[in-house]
Amino acid sequence: MVKKVLSGVLLVFLLCFPTQASFLDVMKEALGTVTAKTAAEGRIDLGLKEALNVGIRNSIARLGKENGYFADRAVKILLPAEVQKTEKVLRAAGFGPELDEFILSMNRAAEKAAPLAAGLFADAITDMSFDDAQKILRGSNTAATDYLKSKTYDRLLTLFEPTVQKTMGEYQVVRQYNEIAGKLQSIPLVGKAINPDMGNYVSAKALDGLFYMLAKEEAQIRTNPEARVTQLLKEVFK
């Protein structure tokens, strides 16, 4: 970038034969323009990264605590689809308490796992290129979240599963699910539930909730001036 500008300045100098003083003035002006543009681009890059960091902190703080998932209808982890189909029948048959405990257990596992995302998110933000930042700035209200999801989702899923499995063991989630599945088999005309990979199911739902919350935080920063809690965010998202 700097080389192109200087080449243009030299061409003007050769064509117009300015005095030495005027040539130096032109050079200073050109370099000043390049420096100012570079500084502005740097602020944009820093501003986007700061927006992501703020959104991540808020999202993890909100979800990574007791009832973070369970008490929020937007991200609460519900029964697996095959159980949902028979939920009314199960509750009518007196299995409501078991279902409620199972739902609570899944959400507790997600709440334990959510804070683990911070490290991978930090790495992805550090690796963000200037071109990435430009595309994100011109993108949708969730462009930064979409970028993070594309860079981290598979690794986060792998990272979440051991903690989810451990917490599910503490809350006996798999045992509870197996009991529910067994009860389904005993109810006429309901049939047999398919036993899913509960570790993967809960981890994926936990990530869905985390990225949903992060997208919500990003949209707030982009559209609501009151959500721009630092000077840098106020400068970049005008």
# chains A, B, ... in the order shown; residues from 1 in each chain; ligands from 1
>>> select_by_dssp(residues="stretch 31-219 of chain A", states="helix (DSSP H, G or I)", output="PyMOL selection string")
chain A and resi 31-63+81-84+87-92+96-126+130-138+143-170+173-186+198-219
>>> residues_around(residues="A:Leu137", least_positions_apart="2", cutoff="12 Å", atoms="only C-alpha atoms", output="VMD selection string")
chain A and resid 41 43 to 49 51 to 52 130 to 135 139 to 145 147 218 222 236 to 238
>>> write_last_selection(atoms="N, CA and C atoms", output="compact mmCIF listing (two decimals), in the first residue's frame")
# COMPACT_ATOMS: atom_id res chain seq x y z
N GLU A 41 -7.74 1.78 9.97
CA GLU A 41 -7.99 0.36 9.75
C GLU A 41 -7.64 -0.45 11.01
N ARG A 43 -7.87 0.62 14.05
CA ARG A 43 -8.93 0.86 15.04
C ARG A 43 -10.15 -0.02 14.74
N ILE A 44 -10.46 -0.18 13.46
CA ILE A 44 -11.58 -1.03 13.08
C ILE A 44 -11.32 -2.46 13.52
N ASP A 45 -10.10 -2.93 13.23
CA ASP A 45 -9.72 -4.30 13.62
C ASP A 45 -9.83 -4.49 15.13
N LEU A 46 -9.27 -3.54 15.87
CA LEU A 46 -9.34 -3.63 17.33
C LEU A 46 -10.77 -3.52 17.85
N GLY A 47 -11.55 -2.67 17.19
CA GLY A 47 -12.94 -2.48 17.61
C GLY A 47 -13.77 -3.74 17.44
N LEU A 48 -13.59 -4.42 16.30
CA LEU A 48 -14.33 -5.66 16.07
C LEU A 48 -13.93 -6.73 17.08
N LYS A 49 -12.63 -6.82 17.35
CA LYS A 49 -12.17 -7.81 18.32
C LYS A 49 -12.69 -7.49 19.72
N ALA A 51 -15.48 -5.91 20.34
CA ALA A 51 -16.92 -6.23 20.33
C ALA A 51 -17.13 -7.72 20.59
N LEU A 52 -16.30 -8.54 19.95
CA LEU A 52 -16.41 -9.98 20.17
C LEU A 52 -16.08 -10.35 21.60
N PHE A 130 -6.94 -8.94 8.85
CA PHE A 130 -7.53 -7.65 8.51
C PHE A 130 -8.67 -7.83 7.50
N ASP A 131 -8.47 -8.72 6.51
CA ASP A 131 -9.52 -8.99 5.53
C ASP A 131 -10.77 -9.55 6.19
N ASP A 132 -10.57 -10.44 7.16
CA ASP A 132 -11.71 -10.96 7.91
C ASP A 132 -12.47 -9.83 8.59
N ALA A 133 -11.72 -8.93 9.22
CA ALA A 133 -12.34 -7.81 9.94
C ALA A 133 -13.14 -6.92 9.00
N GLN A 134 -12.61 -6.67 7.82
CA GLN A 134 -13.32 -5.84 6.85
C GLN A 134 -14.63 -6.49 6.41
N LYS A 135 -14.58 -7.79 6.14
CA LYS A 135 -15.80 -8.51 5.72
C LYS A 135 -16.83 -8.51 6.85
N GLY A 139 -20.58 -6.92 7.02
CA GLY A 139 -21.54 -8.02 7.01
C GLY A 139 -22.80 -7.73 7.80
N SER A 140 -23.52 -8.80 8.07
CA SER A 140 -24.80 -8.70 8.78
C SER A 140 -24.57 -8.39 10.26
N ASN A 141 -25.65 -8.24 10.99
CA ASN A 141 -25.56 -7.93 12.42
C ASN A 141 -25.00 -9.08 13.24
N THR A 142 -24.85 -10.25 12.61
CA THR A 142 -24.26 -11.40 13.32
C THR A 142 -23.04 -11.93 12.58
N ALA A 143 -22.42 -11.11 11.75
CA ALA A 143 -21.30 -11.56 10.93
C ALA A 143 -20.12 -12.04 11.77
N ALA A 144 -19.83 -11.36 12.87
CA ALA A 144 -18.71 -11.76 13.71
C ALA A 144 -19.00 -13.09 14.40
N THR A 145 -20.23 -13.28 14.85
CA THR A 145 -20.62 -14.55 15.46
C THR A 145 -20.53 -15.68 14.45
N TYR A 147 -18.57 -15.81 11.92
CA TYR A 147 -17.14 -16.07 11.72
C TYR A 147 -16.61 -16.98 12.83
N GLU A 218 -23.89 -9.41 19.83
CA GLU A 218 -23.28 -8.68 18.70
C GLU A 218 -24.29 -7.72 18.07
N ARG A 222 -24.01 -3.60 17.64
CA ARG A 222 -24.09 -2.96 16.32
C ARG A 222 -25.24 -1.97 16.22
N VAL A 236 -15.98 2.80 16.52
CA VAL A 236 -16.07 1.89 15.37
C VAL A 236 -17.51 1.70 14.91
N PHE A 237 -18.43 1.57 15.86
CA PHE A 237 -19.84 1.31 15.51
C PHE A 237 -20.65 2.58 15.67
N LYS A 238 -20.43 3.51 14.76
CA LYS A 238 -21.14 4.79 14.82
C LYS A 238 -22.47 4.67 14.08
>>> closest_residue(among="A:Asn224, A:Gly199, A:Glu235, A:Tyr212", to="A:Ala113", atoms="only C-alpha atoms")
A:Gly199
>>> atom_distance(atom1="atom CA of A:Gln84", atom2="atom CA of A:Gln172")
19.6 Å
>>> residues_around(residues="A:Gln165", least_positions_apart="6", cutoff="9 Å", atoms="only C-alpha atoms", output="number ranges by chain")
A: 109, 173, 198-200, 202-203
>>> atom_distance(atom1="atom CA of A:Ala114", atom2="atom CA of A:Val174")
20.0 Å
>>> closest_residue(among="A:Phe102, A:Tyr171, A:Phe121, A:Phe95", to="A:Gly55", atoms="only C-alpha atoms")
A:Phe121
>>> residues_around(residues="A:Val75", least_positions_apart="4", cutoff="12 Å", atoms="only C-alpha atoms", output="PyMOL selection string")
chain A and resi 59+62-63+67-71+106-107+110-111+202+204-214+216
>>> closest_residue(among="A:Lys112, A:Leu104, A:Arg138, A:Ala122", to="A:Lys65", atoms="only C-alpha atoms")
A:Lys112
